[in-house]
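With compact mmCIF, C-alpha atoms inside, this is coords.txt:
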# COMPACT_ATOMS: atom_id res chain seq x y z
CA ASP A 806 7.08 -13.48 6.03
CA ILE A 807 3.31 -13.70 5.58
CA VAL A 808 2.44 -14.58 1.99
CA ILE A 809 -0.74 -13.03 0.59
CA THR A 810 -2.26 -14.76 -2.42
CA GLN A 811 -4.80 -13.36 -4.89
CA ASP A 812 -6.13 -14.59 -8.21
CA GLU A 813 -4.67 -12.49 -11.01
CA LEU A 814 -7.89 -11.95 -12.92
CA SER A 815 -11.52 -12.00 -12.03
CA ASN A 816 -14.07 -13.23 -14.55
CA PRO A 817 -15.36 -10.20 -16.51
CA VAL A 818 -18.58 -8.94 -15.05
CA THR A 819 -21.50 -7.00 -16.46
CA SER A 820 -22.32 -3.59 -15.06
CA GLY A 821 -24.93 -3.92 -12.36
CA GLU A 822 -23.88 -7.42 -11.32
CA SER A 823 -22.03 -8.36 -8.15
CA VAL A 824 -18.52 -9.73 -7.94
CA SER A 825 -16.39 -11.31 -5.21
CA ILE A 826 -12.61 -11.01 -5.04
CA SER A 827 -10.69 -13.35 -2.81
CA CYS A 828 -7.49 -13.05 -0.81
CA ARG A 829 -5.69 -15.70 1.22
CA SER A 830 -3.04 -15.33 3.89
CA SER A 831 -0.41 -17.91 4.86
CA LYS A 832 -0.94 -17.01 8.53
CA SER A 833 -3.88 -15.81 10.56
CA LEU A 834 -4.31 -12.03 10.52
CA LEU A 835 -6.37 -12.12 13.72
CA TYR A 836 -4.43 -10.24 16.37
CA LYS A 837 -4.69 -10.71 20.12
CA ASP A 838 -6.85 -7.59 20.34
CA GLY A 839 -9.58 -9.42 18.45
CA LYS A 840 -9.15 -7.38 15.26
CA THR A 841 -8.18 -8.77 11.87
CA TYR A 842 -5.53 -6.65 10.20
CA LEU A 843 -6.36 -6.80 6.52
CA ASN A 844 -6.71 -3.87 4.10
CA TRP A 845 -8.28 -3.78 0.65
CA PHE A 846 -7.21 -1.23 -1.96
CA LEU A 847 -8.35 -0.29 -5.44
CA GLN A 848 -5.85 1.08 -7.91
CA ARG A 849 -7.59 2.62 -10.89
CA PRO A 850 -5.57 3.00 -14.10
CA GLY A 851 -3.03 5.79 -13.74
CA GLN A 852 -3.83 6.45 -10.08
CA SER A 853 -2.37 5.68 -6.68
CA PRO A 854 -3.90 2.90 -4.60
CA GLN A 855 -6.99 3.96 -2.65
CA LEU A 856 -7.94 2.38 0.66
CA LEU A 857 -11.38 0.74 0.47
CA ILE A 858 -11.59 -1.50 3.53
CA TYR A 859 -9.52 -1.77 6.73
CA LEU A 860 -9.66 -4.21 9.63
CA MET A 861 -11.13 -6.73 7.19
CA SER A 862 -14.64 -5.26 7.09
CA THR A 863 -14.64 -1.52 7.90
CA ARG A 864 -15.19 0.80 4.95
CA ALA A 865 -12.77 3.69 4.68
CA SER A 866 -14.09 7.23 4.73
CA GLY A 867 -16.04 8.14 1.62
CA VAL A 868 -16.11 4.61 0.20
CA SER A 869 -19.39 3.48 -1.34
CA ASP A 870 -21.48 0.96 0.59
CA ARG A 871 -21.37 -1.19 -2.55
CA PHE A 872 -18.02 -2.40 -1.21
CA SER A 873 -17.97 -4.84 1.68
CA GLY A 874 -15.28 -6.99 3.24
CA SER A 875 -15.56 -10.25 5.11
CA GLY A 876 -13.55 -13.30 6.05
CA SER A 877 -11.93 -15.49 8.64
CA GLY A 878 -8.36 -15.30 9.93
CA THR A 879 -6.79 -16.48 6.67
CA ASP A 880 -9.44 -16.28 3.93
CA PHE A 881 -10.95 -12.99 2.89
CA THR A 882 -13.48 -11.68 0.40
CA LEU A 883 -14.17 -8.27 -1.04
CA GLU A 884 -17.67 -8.07 -2.46
CA ILE A 885 -18.68 -5.38 -4.90
CA SER A 886 -22.39 -5.05 -5.57
CA ARG A 887 -23.96 -3.29 -8.57
CA VAL A 888 -20.61 -3.01 -10.35
CA LYS A 889 -19.99 0.22 -12.24
CA ALA A 890 -17.48 1.17 -14.91
CA GLU A 891 -15.57 3.25 -12.32
CA ASP A 892 -14.80 0.06 -10.36
CA VAL A 893 -12.39 -1.12 -13.05
CA GLY A 894 -8.83 -1.50 -11.83
CA VAL A 895 -6.63 -3.73 -9.74
CA TYR A 896 -7.66 -4.75 -6.24
CA TYR A 897 -4.94 -5.46 -3.69
CA CYS A 898 -5.16 -6.86 -0.21
CA GLN A 899 -2.50 -6.23 2.45
CA GLN A 900 -1.75 -7.59 5.88
CA LEU A 901 -0.77 -5.35 8.78
CA VAL A 902 -0.65 -7.89 11.59
CA GLU A 903 3.14 -8.10 11.54
CA TYR A 904 6.27 -6.79 9.84
CA PRO A 905 7.15 -6.97 7.05
CA ARG A 906 3.87 -5.66 5.75
CA THR A 907 2.99 -7.68 2.66
CA PHE A 908 0.59 -7.24 -0.24
CA GLY A 909 -1.14 -9.67 -2.52
CA GLY A 910 -0.28 -9.60 -6.21
CA GLY A 911 -3.57 -7.93 -7.11
CA THR A 912 -6.73 -8.98 -8.92
CA LYS A 913 -7.71 -7.17 -12.08
CA LEU A 914 -11.41 -6.42 -12.46
CA GLU A 915 -12.76 -6.13 -15.97
CA ILE A 916 -16.21 -5.23 -17.14
CA LYS A 917 -17.80 -6.85 -20.19
CA GLU B 899 -7.65 17.98 2.65
CA VAL B 900 -4.87 15.47 3.24
CA MET B 901 -2.11 15.79 0.65
CA LEU B 902 1.12 13.89 0.24
CA VAL B 903 3.50 15.03 -2.49
CA GLU B 904 6.59 12.98 -3.28
CA SER B 905 9.65 14.31 -5.06
CA GLY B 906 13.26 13.45 -5.76
CA GLY B 907 12.96 10.50 -8.09
CA GLY B 908 15.18 10.09 -11.11
CA LEU B 909 17.66 7.95 -13.01
CA VAL B 910 20.56 6.57 -10.95
CA LYS B 911 23.38 4.17 -11.81
CA PRO B 912 23.69 0.89 -9.90
CA GLY B 913 25.49 1.48 -6.64
CA GLY B 914 24.36 5.09 -6.52
CA SER B 915 22.30 6.98 -3.97
CA LEU B 916 19.20 9.13 -3.95
CA LYS B 917 16.98 10.82 -1.39
CA LEU B 918 13.23 11.02 -1.78
CA SER B 919 11.00 13.53 -0.01
CA CYS B 920 7.32 13.56 0.80
CA ALA B 921 5.68 16.85 1.78
CA ALA B 922 2.58 16.40 3.90
CA SER B 923 -0.30 18.79 4.51
CA GLY B 924 -3.89 18.79 5.69
CA PHE B 925 -3.33 16.81 8.88
CA THR B 926 -1.19 16.87 12.01
CA PHE B 927 1.88 15.21 10.52
CA SER B 928 3.64 14.72 13.85
CA SER B 929 0.77 12.54 15.14
CA TYR B 930 1.03 9.86 12.49
CA ALA B 931 3.43 7.10 11.61
CA MET B 932 4.36 7.20 7.95
CA SER B 933 5.48 4.66 5.38
CA TRP B 934 7.05 4.27 1.98
CA VAL B 935 5.65 1.72 -0.47
CA ARG B 936 6.97 0.98 -3.95
CA GLN B 937 5.31 -0.42 -7.03
CA THR B 938 7.49 -2.36 -9.39
CA PRO B 939 7.19 -2.22 -13.19
CA GLU B 940 5.28 -5.50 -12.89
CA LYS B 941 2.77 -3.62 -10.69
CA ARG B 942 3.65 -5.52 -7.54
CA LEU B 943 3.30 -3.44 -4.34
CA GLU B 944 6.14 -3.72 -1.82
CA TRP B 945 6.29 -2.12 1.59
CA VAL B 946 9.66 -0.37 1.96
CA ALA B 947 9.78 1.35 5.35
CA THR B 948 7.76 2.71 8.26
CA ILE B 949 8.66 5.35 10.84
CA SER B 950 6.85 6.11 14.07
CA SER B 951 5.21 9.47 14.64
CA GLY B 952 8.12 10.82 16.66
CA GLY B 953 10.77 9.20 14.53
CA SER B 954 12.18 6.95 17.22
CA TYR B 955 11.19 3.67 15.66
CA THR B 956 11.83 2.48 12.12
CA TYR B 957 11.01 -0.74 10.32
CA TYR B 958 12.29 -2.21 7.05
CA PRO B 959 11.98 -5.42 5.06
CA ASP B 960 15.17 -7.42 4.60
CA SER B 961 15.33 -6.38 0.93
CA VAL B 962 16.26 -2.79 1.82
CA LYS B 963 17.56 -3.04 5.39
CA GLY B 964 21.01 -1.49 5.66
CA ARG B 965 20.62 0.32 2.35
CA PHE B 966 17.56 2.52 2.89
CA THR B 967 16.91 4.94 5.76
CA ILE B 968 13.54 6.48 6.52
CA SER B 969 13.46 9.73 8.47
CA ARG B 970 11.19 12.67 9.11
CA ASP B 971 11.25 16.33 10.02
CA ASN B 972 8.07 17.09 11.94
CA ALA B 973 8.84 20.81 11.95
CA LYS B 974 8.82 20.76 8.15
CA ASN B 975 6.01 18.19 7.78
CA THR B 976 8.29 16.16 5.54
CA LEU B 977 9.12 12.48 5.24
CA TYR B 978 12.34 11.25 3.64
CA LEU B 979 13.79 8.07 2.21
CA GLN B 980 17.56 7.96 1.79
CA MET B 981 18.50 5.16 -0.59
CA SER B 982 22.02 3.90 -1.19
CA SER B 983 23.73 0.94 -2.89
CA LEU B 984 20.88 1.03 -5.37
CA ARG B 985 20.17 -2.00 -7.53
CA SER B 986 18.19 -2.53 -10.69
CA GLU B 987 15.50 -4.29 -8.65
CA ASP B 988 14.90 -1.02 -6.75
CA THR B 989 13.45 0.45 -9.93
CA ALA B 990 9.86 1.37 -9.06
CA MET B 991 7.34 4.08 -8.38
CA TYR B 992 7.78 5.16 -4.76
CA TYR B 993 4.75 6.27 -2.75
CA CYS B 994 4.56 7.74 0.71
CA ALA B 995 1.52 6.78 2.74
CA ARG B 996 0.04 7.74 6.08
CA THR B 997 -0.25 5.16 8.82
CA GLY B 998 -2.90 2.59 8.02
CA PHE B 999 -2.22 3.38 4.36
CA ASP B 1000 -5.36 5.51 4.25
CA TYR B 1001 -3.76 8.26 2.17
CA TRP B 1002 -1.13 7.91 -0.55
CA GLY B 1003 0.79 10.43 -2.60
CA GLN B 1004 0.94 10.39 -6.38
CA GLY B 1005 4.37 8.76 -6.37
CA THR B 1006 7.84 9.52 -7.70
CA THR B 1007 9.73 7.25 -10.08
CA LEU B 1008 13.15 5.77 -9.47
CA THR B 1009 15.01 4.06 -12.30
CA VAL B 1010 18.27 2.28 -11.54
CA SER B 1011 20.16 1.61 -14.73
CA SER B 1012 23.61 2.02 -16.20

How does this structure look as structure tokens?
Amino acid sequence: DIVITQDELSNPVTSGESVSISCRSSKSLLYKDGKTYLNWFLQRPGQSPQLLIYLMSTRASGVSDRFSGSGSGTDFTLEISRVKAEDVGVYYCQQLVEYPRTFGGGTKLEIK
Amino acid sequence: EVMLVESGGGLVKPGGSLKLSCAASGFTFSSYAMSWVRQTPEKRLEWVATISSGGSYTYYPDSVKGRFTISRDNAKNTLYLQMSSLRSEDTAMYYCARTGFDYWGQGTTLTVSS
């Protein structure tokens, strides 16, 4: 199975600053079609996960352009610019290149 | 508006069975593969099952294979998860999600305990 690794906590950030959240895969998520099958989700307290980014760098419908995704085949970054209080929650990445689908353990974002 | 509403969760004894449902609306249900994902009490997300749009193909992780069965009724716009031989480690919030995991329901809770 592909193992997805995330840091448990990000360093607390101040509103208005930028923050990067990392995600690492034990195997390349680059498929033969040239696409990289990685999702990013945000789970706010008390809510279901919400898709932010798919195919490593494509924002989901309605997602603020403050969120951007980048990476290689095994190392990925979610960047959040101008952080707001509403961005607080746990960020998960997930691979969809093969079964079983696997998720990272999540990174908790806190604001100072 | 896409909506997914899960139901059927509850308290079950180890070894017992339960069937979850997910009612879908706001999109052409029969055109999309669907999945179940669970979130453990430790907040870990685990993919549980996926079914193709027509229902012909199903996929499971080893942890539930042989115990869980995903199915769908496209005429009723409803997704199901039949769970049997339940274990304490199956205790979780269960979400249904559309293919690509772009929409999730609000979840239904399963507790397996004697």

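Ranking B:Ser950, B:Gln937, B:Asn972, B:Ser982 by their shortest atom-to-atom distance to chain A, with only C-alpha atoms included, puts B:Gln937 first.
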
Assuming 3 Å of padding per side, give the centre and edge lengths of the axis-aligned box around every listed atom of range 978-994 of chain B, in Å to one decimal and as JSON.
{"center_x": 14.1, "center_y": 3.5, "center_z": -3.5, "size_x": 25.2, "size_y": 21.5, "size_z": 20.3}

task: Go through B:Lys974, B:Lys963, B:Lys917, B:Lys911 and flag the residue nearest Thr948 in chain B, using all atoms listed in the file for the distances.
output: B:Lys963

field: Shell of 7 Å around range 933-936 of chain B, all atoms listed in the file, local chain residues under 4 positions omitted, as an MDAnalysis selection string
entry: chainID B and resid 943:949 990:997

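Closest to Ser877 in chain A among A:Leu814, A:Val824, A:Leu843, A:Val895 is A:Leu843, based on only C-alpha atoms.
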
Please rebuild range 960-995 of chain B with N, CA and C atoms and give the result as a PDB file, in the coordinates of the input.
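The file below, selection-v9.pdb, is the result:
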ATOM      1  N   ASP B 960      13.779  -7.013   4.797  1.00  0.00           N
ATOM      2  CA  ASP B 960      15.170  -7.420   4.600  1.00  0.00           C
ATOM      3  C   ASP B 960      15.734  -6.921   3.278  1.00  0.00           C
ATOM      4  N   SER B 961      14.867  -6.751   2.271  1.00  0.00           N
ATOM      5  CA  SER B 961      15.330  -6.380   0.930  1.00  0.00           C
ATOM      6  C   SER B 961      15.992  -5.002   0.881  1.00  0.00           C
ATOM      7  N   VAL B 962      15.678  -4.139   1.841  1.00  0.00           N
ATOM      8  CA  VAL B 962      16.260  -2.790   1.820  1.00  0.00           C
ATOM      9  C   VAL B 962      17.020  -2.457   3.107  1.00  0.00           C
ATOM     10  N   LYS B 963      16.916  -3.313   4.118  1.00  0.00           N
ATOM     11  CA  LYS B 963      17.560  -3.040   5.390  1.00  0.00           C
ATOM     12  C   LYS B 963      19.056  -2.855   5.207  1.00  0.00           C
ATOM     13  N   GLY B 964      19.587  -1.796   5.799  1.00  0.00           N
ATOM     14  CA  GLY B 964      21.010  -1.490   5.660  1.00  0.00           C
ATOM     15  C   GLY B 964      21.333  -0.623   4.460  1.00  0.00           C
ATOM     16  N   ARG B 965      20.400  -0.514   3.537  1.00  0.00           N
ATOM     17  CA  ARG B 965      20.620   0.320   2.350  1.00  0.00           C
ATOM     18  C   ARG B 965      19.725   1.557   2.338  1.00  0.00           C
ATOM     19  N   PHE B 966      18.514   1.420   2.878  1.00  0.00           N
ATOM     20  CA  PHE B 966      17.560   2.520   2.890  1.00  0.00           C
ATOM     21  C   PHE B 966      17.392   3.024   4.324  1.00  0.00           C
ATOM     22  N   THR B 967      17.176   4.344   4.451  1.00  0.00           N
ATOM     23  CA  THR B 967      16.910   4.940   5.760  1.00  0.00           C
ATOM     24  C   THR B 967      15.726   5.874   5.666  1.00  0.00           C
ATOM     25  N   ILE B 968      14.710   5.606   6.452  1.00  0.00           N
ATOM     26  CA  ILE B 968      13.540   6.480   6.520  1.00  0.00           C
ATOM     27  C   ILE B 968      13.755   7.471   7.657  1.00  0.00           C
ATOM     28  N   SER B 969      13.352   8.714   7.426  1.00  0.00           N
ATOM     29  CA  SER B 969      13.460   9.730   8.470  1.00  0.00           C
ATOM     30  C   SER B 969      12.355  10.754   8.259  1.00  0.00           C
ATOM     31  N   ARG B 970      12.233  11.655   9.206  1.00  0.00           N
ATOM     32  CA  ARG B 970      11.190  12.670   9.110  1.00  0.00           C
ATOM     33  C   ARG B 970      11.628  13.935   9.811  1.00  0.00           C
ATOM     34  N   ASP B 971      11.063  15.042   9.367  1.00  0.00           N
ATOM     35  CA  ASP B 971      11.250  16.330  10.020  1.00  0.00           C
ATOM     36  C   ASP B 971       9.863  16.847  10.345  1.00  0.00           C
ATOM     37  N   ASN B 972       9.435  16.697  11.578  1.00  0.00           N
ATOM     38  CA  ASN B 972       8.070  17.090  11.940  1.00  0.00           C
ATOM     39  C   ASN B 972       7.883  18.595  11.912  1.00  0.00           C
ATOM     40  N   ALA B 973       8.946  19.347  12.040  1.00  0.00           N
ATOM     41  CA  ALA B 973       8.840  20.810  11.950  1.00  0.00           C
ATOM     42  C   ALA B 973       8.554  21.239  10.514  1.00  0.00           C
ATOM     43  N   LYS B 974       9.014  20.436   9.570  1.00  0.00           N
ATOM     44  CA  LYS B 974       8.820  20.760   8.150  1.00  0.00           C
ATOM     45  C   LYS B 974       7.719  19.915   7.502  1.00  0.00           C
ATOM     46  N   ASN B 975       7.067  19.058   8.306  1.00  0.00           N
ATOM     47  CA  ASN B 975       6.010  18.190   7.780  1.00  0.00           C
ATOM     48  C   ASN B 975       6.490  17.390   6.566  1.00  0.00           C
ATOM     49  N   THR B 976       7.677  16.852   6.670  1.00  0.00           N
ATOM     50  CA  THR B 976       8.290  16.160   5.540  1.00  0.00           C
ATOM     51  C   THR B 976       8.856  14.815   5.950  1.00  0.00           C
ATOM     52  N   LEU B 977       8.615  13.842   5.091  1.00  0.00           N
ATOM     53  CA  LEU B 977       9.120  12.480   5.240  1.00  0.00           C
ATOM     54  C   LEU B 977      10.223  12.272   4.201  1.00  0.00           C
ATOM     55  N   TYR B 978      11.219  11.484   4.558  1.00  0.00           N
ATOM     56  CA  TYR B 978      12.340  11.250   3.640  1.00  0.00           C
ATOM     57  C   TYR B 978      12.619   9.752   3.502  1.00  0.00           C
ATOM     58  N   LEU B 979      13.252   9.408   2.386  1.00  0.00           N
ATOM     59  CA  LEU B 979      13.790   8.070   2.210  1.00  0.00           C
ATOM     60  C   LEU B 979      15.149   8.208   1.547  1.00  0.00           C
ATOM     61  N   GLN B 980      16.195   7.953   2.316  1.00  0.00           N
ATOM     62  CA  GLN B 980      17.560   7.960   1.790  1.00  0.00           C
ATOM     63  C   GLN B 980      17.867   6.555   1.292  1.00  0.00           C
ATOM     64  N   MET B 981      18.230   6.458   0.021  1.00  0.00           N
ATOM     65  CA  MET B 981      18.500   5.160  -0.590  1.00  0.00           C
ATOM     66  C   MET B 981      19.940   5.110  -1.076  1.00  0.00           C
ATOM     67  N   SER B 982      20.641   4.055  -0.747  1.00  0.00           N
ATOM     68  CA  SER B 982      22.020   3.900  -1.190  1.00  0.00           C
ATOM     69  C   SER B 982      22.240   2.479  -1.703  1.00  0.00           C
ATOM     70  N   SER B 983      23.401   2.262  -2.290  1.00  0.00           N
ATOM     71  CA  SER B 983      23.730   0.940  -2.890  1.00  0.00           C
ATOM     72  C   SER B 983      22.573   0.460  -3.760  1.00  0.00           C
ATOM     73  N   LEU B 984      22.086   1.342  -4.587  1.00  0.00           N
ATOM     74  CA  LEU B 984      20.880   1.030  -5.370  1.00  0.00           C
ATOM     75  C   LEU B 984      21.150  -0.066  -6.387  1.00  0.00           C
ATOM     76  N   ARG B 985      20.118  -0.863  -6.609  1.00  0.00           N
ATOM     77  CA  ARG B 985      20.170  -2.000  -7.530  1.00  0.00           C
ATOM     78  C   ARG B 985      19.080  -1.856  -8.568  1.00  0.00           C
ATOM     79  N   SER B 986      19.205  -2.603  -9.636  1.00  0.00           N
ATOM     80  CA  SER B 986      18.190  -2.530 -10.690  1.00  0.00           C
ATOM     81  C   SER B 986      16.813  -2.926 -10.147  1.00  0.00           C
ATOM     82  N   GLU B 987      16.788  -3.840  -9.192  1.00  0.00           N
ATOM     83  CA  GLU B 987      15.500  -4.290  -8.650  1.00  0.00           C
ATOM     84  C   GLU B 987      14.833  -3.246  -7.741  1.00  0.00           C
ATOM     85  N   ASP B 988      15.523  -2.128  -7.483  1.00  0.00           N
ATOM     86  CA  ASP B 988      14.900  -1.020  -6.750  1.00  0.00           C
ATOM     87  C   ASP B 988      14.106  -0.101  -7.671  1.00  0.00           C
ATOM     88  N   THR B 989      14.206  -0.339  -8.968  1.00  0.00           N
ATOM     89  CA  THR B 989      13.450   0.450  -9.930  1.00  0.00           C
ATOM     90  C   THR B 989      11.955   0.301  -9.657  1.00  0.00           C
ATOM     91  N   ALA B 990      11.276   1.421  -9.438  1.00  0.00           N
ATOM     92  CA  ALA B 990       9.860   1.370  -9.060  1.00  0.00           C
ATOM     93  C   ALA B 990       9.311   2.785  -8.942  1.00  0.00           C
ATOM     94  N   MET B 991       8.006   2.862  -8.815  1.00  0.00           N
ATOM     95  CA  MET B 991       7.340   4.080  -8.380  1.00  0.00           C
ATOM     96  C   MET B 991       7.317   4.029  -6.859  1.00  0.00           C
ATOM     97  N   TYR B 992       7.730   5.111  -6.217  1.00  0.00           N
ATOM     98  CA  TYR B 992       7.780   5.160  -4.760  1.00  0.00           C
ATOM     99  C   TYR B 992       6.672   6.073  -4.245  1.00  0.00           C
ATOM    100  N   TYR B 993       5.844   5.526  -3.360  1.00  0.00           N
ATOM    101  CA  TYR B 993       4.750   6.270  -2.750  1.00  0.00           C
ATOM    102  C   TYR B 993       5.021   6.458  -1.264  1.00  0.00           C
ATOM    103  N   CYS B 994       4.651   7.623  -0.741  1.00  0.00           N
ATOM    104  CA  CYS B 994       4.560   7.740   0.710  1.00  0.00           C
ATOM    105  C   CYS B 994       3.088   7.562   1.090  1.00  0.00           C
ATOM    106  N   ALA B 995       2.872   7.054   2.280  1.00  0.00           N
ATOM    107  CA  ALA B 995       1.520   6.780   2.740  1.00  0.00           C
ATOM    108  C   ALA B 995       1.418   7.039   4.233  1.00  0.00           C
TER     109      ALA B 995
END
